[in-house]
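J.: Dropping in protein.cif, with mmCIF, C-alpha atoms.
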data_protein
#
loop_
_atom_site.label_atom_id
_atom_site.label_comp_id
_atom_site.auth_asym_id
_atom_site.auth_seq_id
_atom_site.Cartn_x
_atom_site.Cartn_y
_atom_site.Cartn_z
CA MET A 215 0.68 85.28 59.98
CA PRO A 216 1.56 85.87 56.31
CA ILE A 217 0.52 83.40 53.63
CA PRO A 218 3.31 80.76 53.58
CA THR A 219 5.52 80.96 50.50
CA VAL A 220 4.71 77.43 49.32
CA LEU A 221 0.98 78.01 49.73
CA ARG A 222 1.18 81.27 47.79
CA SER A 223 2.99 79.51 44.94
CA LEU A 224 0.21 76.90 44.84
CA LEU A 225 -2.59 79.47 44.93
CA THR A 226 -1.18 81.57 42.09
CA ALA A 227 -0.54 78.67 39.69
CA THR A 228 -3.26 78.07 37.10
CA GLY A 229 -4.61 74.53 37.08
CA PRO A 230 -8.24 73.57 36.40
CA SER A 231 -9.08 69.85 36.34
CA GLY A 232 -7.07 68.09 33.65
CA TYR A 233 -4.70 71.06 33.26
CA GLU A 234 -2.83 70.88 36.58
CA THR A 235 0.75 71.03 35.27
CA ALA A 236 1.66 74.39 36.84
CA PRO A 237 0.44 73.81 40.42
CA ALA A 238 1.74 70.24 40.31
CA ALA A 239 5.18 71.62 39.43
CA ALA A 240 4.99 74.04 42.37
CA PHE A 241 4.12 71.16 44.71
CA ARG A 242 6.87 68.98 43.25
CA ASP A 243 9.53 71.69 43.60
CA ALA A 244 8.63 72.36 47.23
CA ALA A 245 8.36 68.72 48.31
CA SER A 246 11.61 67.70 46.60
CA GLN A 247 13.49 69.57 49.35
CA PHE A 248 12.78 66.73 51.81
CA ALA A 249 11.10 63.85 49.96
CA GLU A 250 11.50 61.52 46.98
CA VAL A 251 9.08 62.97 44.42
CA THR A 252 7.49 61.29 41.40
CA THR A 253 4.69 62.16 38.98
CA ASP A 254 2.37 59.53 37.52
CA VAL A 255 0.83 59.42 34.05
CA MET A 256 -2.31 61.19 35.26
CA GLY A 257 -0.25 64.11 36.58
CA SER A 258 -0.66 63.40 40.29
CA VAL A 259 2.47 64.01 42.38
CA TRP A 260 3.68 61.71 45.17
CA ALA A 261 6.21 62.94 47.75
CA ARG A 262 7.57 60.01 49.79
CA VAL A 263 9.13 60.29 53.24
CA LYS A 264 10.75 56.98 54.21
CA GLY A 265 9.54 55.21 57.31
CA ALA A 266 11.76 54.65 60.30
CA SER A 267 10.58 51.04 60.65
CA ASP A 268 7.98 48.70 59.11
CA GLY A 269 4.89 50.69 60.04
CA PRO A 270 1.92 51.18 57.69
CA ARG A 271 2.18 53.35 54.57
CA LEU A 272 0.12 56.52 55.04
CA ALA A 273 -1.06 58.61 52.09
CA ILE A 274 -2.01 62.23 52.84
CA VAL A 275 -4.10 63.41 49.90
CA GLY A 276 -5.15 66.86 48.72
CA HIS A 277 -6.40 67.59 45.22
CA ILE A 278 -4.30 69.97 43.14
CA ASP A 279 -6.95 70.98 40.59
CA GLU A 280 -9.31 73.93 40.82
CA ILE A 281 -12.54 74.90 39.12
CA GLY A 282 -12.16 76.86 35.91
CA LEU A 283 -13.63 77.61 32.49
CA ILE A 284 -13.02 75.97 29.12
CA VAL A 285 -13.54 77.66 25.74
CA THR A 286 -16.12 75.86 23.61
CA HIS A 287 -16.70 78.32 20.74
CA ILE A 288 -15.33 81.54 19.23
CA ASP A 289 -18.12 83.44 17.51
CA ASP A 290 -17.94 85.58 14.39
CA ASN A 291 -17.40 88.75 16.44
CA GLY A 292 -14.48 87.31 18.40
CA PHE A 293 -16.30 86.61 21.66
CA LEU A 294 -15.49 83.36 23.50
CA ARG A 295 -18.21 81.04 24.71
CA PHE A 296 -17.40 78.65 27.52
CA ILE A 297 -18.61 76.10 30.01
CA GLY A 298 -17.47 75.42 33.56
CA VAL A 299 -14.78 72.96 34.57
CA GLY A 300 -16.25 71.93 37.90
CA GLY A 301 -19.23 73.47 39.67
CA TRP A 302 -19.88 77.20 39.26
CA ASP A 303 -22.56 79.57 40.45
CA PRO A 304 -22.77 81.67 37.25
CA GLN A 305 -23.52 84.82 39.26
CA ILE A 306 -19.95 84.61 40.60
CA LEU A 307 -18.55 84.96 37.08
CA VAL A 308 -20.30 88.13 35.98
CA GLY A 309 -17.81 90.98 35.59
CA GLN A 310 -14.76 88.92 36.55
CA ARG A 311 -11.35 89.34 34.98
CA VAL A 312 -9.94 86.04 33.72
CA GLU A 313 -6.63 84.60 32.59
CA ILE A 314 -6.73 82.16 29.68
CA SER A 315 -3.88 79.68 29.32
CA THR A 316 -2.89 79.32 25.65
CA ARG A 317 0.05 77.78 23.79
CA ASN A 318 1.48 81.29 23.42
CA GLY A 319 1.09 82.27 27.06
CA VAL A 320 -1.60 83.91 29.18
CA ILE A 321 -4.35 85.93 27.45
CA ARG A 322 -6.40 88.27 29.63
CA GLY A 323 -10.10 88.89 29.25
CA VAL A 324 -13.31 89.75 31.06
CA VAL A 325 -16.58 87.91 31.54
CA GLY A 326 -19.40 89.96 30.04
CA LYS A 327 -23.18 89.81 29.80
CA LYS A 328 -25.97 92.03 28.58
CA PRO A 329 -26.03 95.25 30.72
CA ILE A 330 -28.86 95.62 33.21
CA HIS A 331 -30.16 98.65 31.28
CA LEU A 332 -30.97 96.40 28.31
CA LEU A 333 -32.57 93.56 30.23
CA LYS A 334 -36.31 93.07 29.96
CA ASP A 335 -38.31 92.96 33.17
CA ASP A 336 -38.57 89.16 33.24
CA GLU A 337 -34.82 88.84 32.54
CA ARG A 338 -33.96 91.02 35.52
CA LYS A 339 -35.72 88.56 37.84
CA LYS A 340 -33.63 85.59 36.70
CA ALA A 341 -30.12 84.65 37.71
CA PRO A 342 -27.80 84.47 34.70
CA GLU A 343 -26.80 81.12 33.26
CA ILE A 344 -23.40 80.34 31.79
CA LYS A 345 -24.96 80.31 28.31
CA ASP A 346 -25.80 84.00 28.83
CA LEU A 347 -22.15 84.91 29.44
CA HIS A 348 -19.12 85.35 27.21
CA ILE A 349 -15.43 86.20 27.52
CA ASP A 350 -14.22 89.37 25.79
CA ILE A 351 -10.47 89.38 25.06
CA GLY A 352 -10.59 92.70 23.19
CA ALA A 353 -10.29 91.09 19.75
CA LYS A 354 -11.57 93.18 16.86
CA ASP A 355 -12.98 90.18 14.99
CA ALA A 356 -13.14 86.40 14.84
CA ASP A 357 -9.87 85.97 12.96
CA GLU A 358 -7.93 87.86 15.57
CA ALA A 359 -9.59 85.98 18.43
CA ARG A 360 -8.97 82.61 16.78
CA GLY A 361 -5.32 83.54 16.36
CA MET A 362 -5.03 84.14 20.09
CA VAL A 363 -7.18 81.41 21.64
CA ARG A 364 -8.09 77.85 20.66
CA ILE A 365 -11.09 75.70 21.53
CA GLY A 366 -10.23 73.80 24.70
CA ASP A 367 -8.07 76.51 26.25
CA VAL A 368 -8.89 76.96 29.93
CA ALA A 369 -9.27 80.03 32.10
CA VAL A 370 -9.32 80.96 35.77
CA ILE A 371 -10.41 84.08 37.58
CA SER A 372 -7.58 86.61 37.82
CA GLY A 373 -6.37 88.02 41.13
CA GLU A 374 -3.58 87.77 43.68
CA PRO A 375 -4.09 86.31 47.19
CA VAL A 376 -4.93 88.93 49.81
CA GLU A 377 -3.99 88.89 53.49
CA LEU A 378 -6.65 90.17 55.91
CA PRO A 379 -6.72 90.77 59.67
CA ASN A 380 -6.95 87.92 62.19
CA GLU A 381 -4.68 85.61 60.15
CA ARG A 382 -7.29 85.37 57.40
CA ALA A 383 -6.53 85.19 53.69
CA VAL A 384 -8.56 85.32 50.48
CA SER A 385 -7.85 83.77 47.10
CA ARG A 386 -9.30 81.70 44.30
CA SER A 387 -8.19 78.03 44.29
CA MET A 388 -8.13 77.68 48.09
CA ASP A 389 -10.24 74.64 47.13
CA ASN A 390 -8.09 72.68 47.25
CA ARG A 391 -4.56 73.99 47.12
CA LEU A 392 -5.06 74.21 50.88
CA GLY A 393 -5.36 70.42 51.07
CA CYS A 394 -2.22 69.99 48.98
CA TYR A 395 -0.36 72.44 51.20
CA VAL A 396 -1.47 70.57 54.34
CA ALA A 397 -0.29 67.27 52.80
CA TYR A 398 3.05 68.88 51.92
CA GLU A 399 3.48 70.51 55.34
CA ALA A 400 2.47 67.40 57.29
CA ALA A 401 5.00 65.31 55.36
CA ARG A 402 7.65 67.99 55.88
CA LEU A 403 7.02 67.99 59.63
CA VAL A 404 7.32 64.19 59.69
CA ALA A 405 10.62 64.36 57.78
CA GLU A 406 11.89 67.10 60.11
CA ALA A 407 11.06 64.90 63.11
CA GLY A 408 13.06 61.98 61.70
CA GLY A 409 10.22 60.09 60.07
CA ALA A 410 7.19 58.08 61.17
CA PRO A 411 7.06 54.32 61.81
CA GLY A 412 5.96 53.78 58.21
CA GLU A 413 6.31 55.59 54.90
CA VAL A 414 4.38 58.86 54.61
CA VAL A 415 3.37 59.94 51.11
CA ALA A 416 2.01 63.44 50.44
CA VAL A 417 -0.19 63.28 47.34
CA ALA A 418 -1.29 66.13 45.09
CA ALA A 419 -4.12 64.41 43.23
CA VAL A 420 -5.53 65.65 39.93
CA GLN A 421 -9.10 65.90 38.60
CA GLU A 422 -11.10 65.81 41.83
CA GLU A 423 -13.51 68.49 40.65
CA THR A 424 -14.54 66.37 37.65
CA THR A 425 -13.90 62.63 38.06
CA PHE A 426 -11.90 61.82 41.24
CA GLY A 427 -9.46 60.49 38.65
CA GLY A 428 -6.19 61.26 40.41
CA SER A 429 -7.18 59.83 43.78
CA ARG A 430 -8.75 56.77 42.18
CA THR A 431 -5.60 55.88 40.22
CA THR A 432 -3.26 56.83 43.07
CA ALA A 433 -5.11 54.56 45.48
CA TYR A 434 -4.80 51.69 43.03
CA SER A 435 -1.11 52.19 42.19
CA LEU A 436 0.33 53.41 45.50
CA ARG A 437 -1.46 50.78 47.62
CA PRO A 438 -1.42 52.77 50.88
CA ASP A 439 -2.35 50.93 54.06
CA LEU A 440 -4.45 53.94 55.04
CA ALA A 441 -5.14 57.45 53.78
CA ILE A 442 -6.07 60.84 55.19
CA VAL A 443 -7.94 62.96 52.65
CA VAL A 444 -7.70 66.72 53.23
CA ASP A 445 -10.22 69.04 51.59
CA VAL A 446 -12.10 72.21 52.36
CA THR A 447 -15.43 72.25 54.14
CA HIS A 448 -17.95 75.04 54.68
CA ALA A 449 -17.16 77.46 57.47
CA THR A 450 -20.43 77.97 59.31
CA ASP A 451 -19.85 81.44 60.76
CA ALA A 452 -21.03 83.31 57.66
CA PRO A 453 -24.57 84.71 57.14
CA GLY A 454 -27.11 82.23 55.83
CA VAL A 455 -25.18 79.06 56.67
CA GLU A 456 -27.21 76.53 58.65
CA THR A 457 -25.26 75.03 61.55
CA GLY A 458 -28.06 72.60 62.39
CA GLU A 459 -27.37 70.79 59.13
CA LEU A 460 -23.60 71.16 58.86
CA GLY A 461 -22.44 71.52 62.45
CA ALA A 462 -20.46 74.45 63.85
CA HIS A 463 -17.10 74.93 62.14
CA ALA A 464 -16.11 78.58 62.44
CA LEU A 465 -12.93 80.09 61.07
CA GLY A 466 -10.33 79.66 63.79
CA SER A 467 -11.92 76.57 65.34
CA GLY A 468 -9.24 74.29 63.92
CA PRO A 469 -9.31 71.38 61.48
CA VAL A 470 -12.54 69.43 61.10
CA ILE A 471 -12.25 65.70 61.79
CA GLU A 472 -14.82 63.85 59.69
CA ARG A 473 -16.88 60.96 60.97
CA GLY A 474 -19.41 58.87 59.06
CA SER A 475 -20.23 55.91 56.89
CA ASN A 476 -17.21 56.14 54.57
CA ILE A 477 -14.79 57.05 57.37
CA ASN A 478 -12.82 54.29 59.04
CA PRO A 479 -13.80 54.48 62.74
CA ARG A 480 -10.37 53.55 64.07
CA ILE A 481 -8.73 56.31 62.06
CA PHE A 482 -11.32 58.78 63.33
CA GLU A 483 -10.66 57.79 66.95
CA LEU A 484 -6.89 58.05 66.51
CA LEU A 485 -7.20 61.50 64.92
CA TYR A 486 -9.53 62.56 67.74
CA ASP A 487 -7.21 61.25 70.47
CA THR A 488 -4.16 62.80 68.78
CA ALA A 489 -5.78 66.21 68.61
CA GLU A 490 -6.67 66.07 72.28
CA ALA A 491 -3.22 64.84 73.30
CA GLU A 492 -1.48 67.56 71.26
CA SER A 493 -3.91 70.30 72.43
CA ILE A 494 -4.88 71.06 68.83
CA PRO A 495 -8.30 72.73 68.47
CA PHE A 496 -10.74 70.83 66.27
CA THR A 497 -14.40 70.19 65.51
CA VAL A 498 -16.19 67.06 64.26
CA GLN A 499 -18.35 66.82 61.15
CA ALA A 500 -20.74 63.97 60.38
CA SER A 501 -21.41 62.55 56.90
CA ALA A 502 -24.11 59.93 56.56
CA ARG A 503 -23.39 58.92 52.95
CA HIS A 504 -20.64 60.37 50.74
CA THR A 505 -18.21 63.11 51.73
CA GLY A 506 -18.00 64.78 48.30
CA THR A 507 -14.19 64.45 48.40
CA ASP A 508 -11.49 62.13 47.06
CA LEU A 509 -12.19 59.92 50.06
CA ASP A 510 -15.30 58.58 48.30
CA ALA A 511 -13.12 57.12 45.54
CA MET A 512 -10.13 56.04 47.61
CA HIS A 513 -11.90 53.97 50.22
CA LEU A 514 -13.33 51.71 47.50
CA SER A 515 -10.02 50.98 45.75
CA ARG A 516 -8.87 47.37 45.42
CA GLY A 517 -10.04 45.52 48.53
CA GLY A 518 -10.75 48.78 50.34
CA ILE A 519 -8.46 51.43 51.83
CA PRO A 520 -9.17 52.66 55.38
CA CYS A 521 -9.64 56.41 55.12
CA GLY A 522 -9.93 59.37 57.43
CA GLY A 523 -11.02 62.87 56.47
CA ILE A 524 -9.82 66.30 57.54
CA GLY A 525 -11.84 69.37 56.57
CA LEU A 526 -10.52 72.93 56.42
CA PRO A 527 -13.15 75.59 57.25
CA LEU A 528 -13.62 77.85 54.24
CA ARG A 529 -15.98 80.72 53.47
CA TYR A 530 -17.38 81.45 49.98
CA MET A 531 -16.43 78.12 48.42
CA HIS A 532 -16.14 77.99 44.60
CA SER A 533 -15.70 81.70 44.23
CA ALA A 534 -12.95 84.23 43.59
CA VAL A 535 -12.85 85.18 47.29
CA GLU A 536 -12.52 81.91 49.17
CA MET A 537 -11.51 82.82 52.73
CA VAL A 538 -9.55 80.77 55.25
CA GLN A 539 -7.92 81.32 58.62
CA LEU A 540 -4.27 80.36 58.33
CA ASP A 541 -3.83 78.89 61.81
CA ASP A 542 -6.51 76.30 60.95
CA ILE A 543 -4.25 75.18 58.11
CA ALA A 544 -1.16 75.04 60.31
CA ASN A 545 -3.05 73.05 62.94
CA ALA A 546 -4.32 70.57 60.35
CA ALA A 547 -0.75 69.84 59.26
CA LYS A 548 0.40 69.47 62.87
CA LEU A 549 -2.46 67.08 63.63
CA ILE A 550 -1.75 64.81 60.66
CA ALA A 551 1.99 64.78 61.33
CA ALA A 552 1.39 63.80 64.96
CA PHE A 553 -1.11 61.16 63.82
CA ALA A 554 1.49 59.69 61.43
CA ARG A 555 4.06 59.40 64.20
CA ARG A 556 1.56 57.47 66.36
CA LEU A 557 0.99 54.71 63.78
CA SER A 558 2.54 51.55 65.16
CA ALA A 559 3.72 48.63 63.04
CA ASP A 560 0.87 46.48 64.32
CA ALA A 561 -1.84 49.11 63.80
CA SER A 562 -5.14 47.55 62.69
CA PHE A 563 -7.95 49.35 60.92
CA GLU A 564 -10.44 46.48 60.72
CA ARG A 565 -13.98 47.53 61.48
#
Can the structure in the file be given as structure tokens, please?

T.:
Amino acid sequence: MPIPTVLRSLLTATGPSGYETAPAAAFRDAASQFAEVTTDVMGSVWARVKGASDGPRLAIVGHIDEIGLIVTHIDDNGFLRFIGVGGWDPQILVGQRVEISTRNGVIRGVVGKKPIHLLKDDERKKAPEIKDLHIDIGAKDADEARGMVRIGDVAVISGEPVELPNERAVSRSMDNRLGCYVAYEAARLVAEAGGAPGEVVAVAAVQEETTFGGSRTTAYSLRPDLAIVVDVTHATDAPGVETGELGAHALGSGPVIERGSNINPRIFELLYDTAEAESIPFTVQASARHTGTDLDAMHLSRGGIPCGGIGLPLRYMHSAVEMVQLDDIANAAKLIAAFARRLSADASFER
């Protein structure tokens, strides 16, 4: 299975939190083929598929932002200092090629640090911190660098998506362009089937990695009757991952249906029953407190929004080589589309 064209366009667009214009445009262009598409003041995109009757309004939410870097200082030698936009393991960044988005286009550079040959013994035993790193854009001095890049410009790791055997693919920004793609594809499947009982809205929400801002404002403005939040979760079939704590969610085991304190139990049961009825493989993941996703913000909006969660098994999260199995993504979209079509006009989500 090749990487779907729409997913590839999402993965290759640059869009750290607060700078999501490019991936949001890719989502908007794709969804406009079958839905009424709008963008709010935050930058989140809503793609509406009209309901066939007066059923509940369902929001399917994936966040469109990715982790990145933001330039904080340009030193006198033309090197760029930076901090992370979202959560980074600094070891991931060492030696990476990066693309910096500037007002004059993309500037390429590399993340550098002091070579191992020059490290003192105690330095070799320590993992690098972001303050130990810099971006080198090849500038000969500060004036040249400051003419190319401004403070506040953002960067992402450079690299094209790669297809691997067994329907597996690798890319940066899988977290969470995958969730946006599933929202898009689920809404497309609903539209193709003639609609669901109520309106279905695929949402590409901004700023999840920093503030949950896009989901928080979307929940308030859109007023969905219920929401399914789609995000990545840790695949547990990689070395060093503890299944006793996280559960078993291998690549290829299907979407992960979340269950826990913030999850509406009726939505969980309907997702569970739908997966069984449609013969869609799945696993279940428990969360005792927060989920760490947009769901944590959405379920508290206004008087409360009933929420369900779908996880997508992912290896090497928050890195340049995030790995997914593509049939898990296809099955997640099929599950949510089938769930949407099962929502009756009198559906109740009271606990």

J.: Between atom CA of Thr253 of chain A and atom CA of Thr447 of chain A, what is the distance in Å, rounded to a tenth?

T.: 27.1 Å

J.: Please tabulate, as CSV, the residues of segment 494-551 of chain A that come within 6 Å of segment 376-399 of chain A, each with its closest pair of atoms and the distance in Å to one decimal, counting only C-alpha atoms and ordering rows by chain, then residue number upward.

T.:
residue,atom,partner,partner_atom,distance
A:Ala534,CA,A:Arg386,CA,4.5
A:Val535,CA,A:Ser385,CA,5.2
A:Glu536,CA,A:Val384,CA,5.4
A:Met537,CA,A:Val384,CA,4.5
A:Val538,CA,A:Arg382,CA,5.6
A:Gln539,CA,A:Arg382,CA,4.3
A:Leu540,CA,A:Glu381,CA,5.6
A:Ala547,CA,A:Val396,CA,5.0

J.: For the structure shown, which residues end up in the PyMOL selection byres ((chain A and resi 231) around 10)? Put them as an MDAnalysis selection string, please?

T.: chainID A and resid 229:230 232:235 277:283 299:300 368 420:428

J.: Write out as a ChimeraX atom specification each polymer residue whose atoms come within 10 Å of Ser501 of chain A, counting all atoms listed in the file; drop sequence neighbours fewer than 2 positions from it.

T.: /A:460,472-477,499,503-506

J.: Would you kindly return, as a PyMOL selection string, each protein, DNA or RNA residue with an atom no farther than 12 Å from any atom of Lys340 of chain A, considering only C-alpha atoms and excluding same-chain residues fewer than 5 positions away?

T.: chain A and resi 304-305+330+333-335+346

J.: Find, counting only C-alpha atoms, the residue in A:Val325, A:Ala464, A:Ala249, A:Ala407 that gets nearest to Val312 of chain A.

T.: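 So, comparing all the options, the nearest one is A:Val325.
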
J.: Would you work out the distance separating atom CA of Gly408 of chain A from atom CA of Ala441 of chain A, expressed in Å to one decimal?

T.: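 A separation of 20.4 Å between them.
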
J.: For segment 368-474 of chain A versus segment 485-492 of chain A, which residues have an atom no more than 12 Å away, and what is each residue's nearest atom pair and distance in Å rounded to one decimal, using only C-alpha atoms, chain-then-number order, as CSV?

T.:
residue,atom,partner,partner_atom,distance
A:Ile442,CA,A:Leu485,CA,9.8
A:Gly468,CA,A:Ala489,CA,10.0
A:Pro469,CA,A:Ala489,CA,9.5
A:Val470,CA,A:Tyr486,CA,10.0
A:Ile471,CA,A:Tyr486,CA,7.3
A:Glu472,CA,A:Leu485,CA,9.5
A:Arg473,CA,A:Tyr486,CA,10.1

J.: Restricted to C-alpha atoms, what would the selected residues look like written as a short mmCIF file (atom, residue, chain, number, x, y, z; two decimals), in the coordinates of the input?

T.:
data_model
loop_
_atom_site.label_atom_id
_atom_site.label_comp_id
_atom_site.auth_asym_id
_atom_site.auth_seq_id
_atom_site.Cartn_x
_atom_site.Cartn_y
_atom_site.Cartn_z
CA ILE A 442 -6.07 60.84 55.19
CA GLY A 468 -9.24 74.29 63.92
CA PRO A 469 -9.31 71.38 61.48
CA VAL A 470 -12.54 69.43 61.10
CA ILE A 471 -12.25 65.70 61.79
CA GLU A 472 -14.82 63.85 59.69
CA ARG A 473 -16.88 60.96 60.97
#

J.: How would you write, as number ranges by chain, the residues chosen by the PyMOL selection byres ((chain A and resi 348) around 9) on this structure?

T.: A: 293-296, 324-327, 344-347, 349-350

J.: Using only C-alpha atoms, which of the listed residues (A:Lys548, A:His532, A:Lys264, A:Arg322) sits closest to Asp303 of chain A?

T.: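 Closest residue, counting only C-alpha atoms: A:His532.
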
J.: Could you jot down the atom CA of Gly257 of chain A to atom CA of Asp445 of chain A separation for me, Å, one decimal place?

T.: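 It comes out at 18.7 Å.
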
J.: Pick out the closest residue to Leu440 of chain A from this set: A:Ala273, A:Ile314, A:Ala266, A:Ala261. Count all atoms listed in the file.

T.: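 Comparing A:Ala273, A:Ile314, A:Ala266, A:Ala261 against Leu440 of chain A, the winner is A:Ala273.
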
J.: For each of A:Ile284, A:Ile543, A:Val415, A:Leu332, take the minimum atom-to-atom distance to Arg437 of chain A, counting only C-alpha atoms, then give the residue where this is smallest.

T.: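 Smallest separation from Arg437 of chain A among the options: A:Val415.
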
J.: Please tell me which residues are no farther than 12 Å from (1.4, 81.4, 39.6) in the file, counting all atoms listed in the file, and write them as a compact mmCIF listing (two decimals) with C-alpha atoms, in the frame of the given file.

T.:
# COMPACT_ATOMS: atom_id res chain seq x y z
CA THR A 219 5.52 80.96 50.50
CA VAL A 220 4.71 77.43 49.32
CA LEU A 221 0.98 78.01 49.73
CA ARG A 222 1.18 81.27 47.79
CA SER A 223 2.99 79.51 44.94
CA LEU A 224 0.21 76.90 44.84
CA LEU A 225 -2.59 79.47 44.93
CA THR A 226 -1.18 81.57 42.09
CA ALA A 227 -0.54 78.67 39.69
CA THR A 228 -3.26 78.07 37.10
CA GLY A 229 -4.61 74.53 37.08
CA GLU A 234 -2.83 70.88 36.58
CA THR A 235 0.75 71.03 35.27
CA ALA A 236 1.66 74.39 36.84
CA PRO A 237 0.44 73.81 40.42
CA ALA A 238 1.74 70.24 40.31
CA ALA A 239 5.18 71.62 39.43
CA ALA A 240 4.99 74.04 42.37
CA PHE A 241 4.12 71.16 44.71
CA GLU A 313 -6.63 84.60 32.59
CA SER A 315 -3.88 79.68 29.32
CA VAL A 320 -1.60 83.91 29.18
CA VAL A 370 -9.32 80.96 35.77
CA SER A 372 -7.58 86.61 37.82
CA GLY A 373 -6.37 88.02 41.13
CA GLU A 374 -3.58 87.77 43.68
CA PRO A 375 -4.09 86.31 47.19
CA ARG A 386 -9.30 81.70 44.30
CA SER A 387 -8.19 78.03 44.29
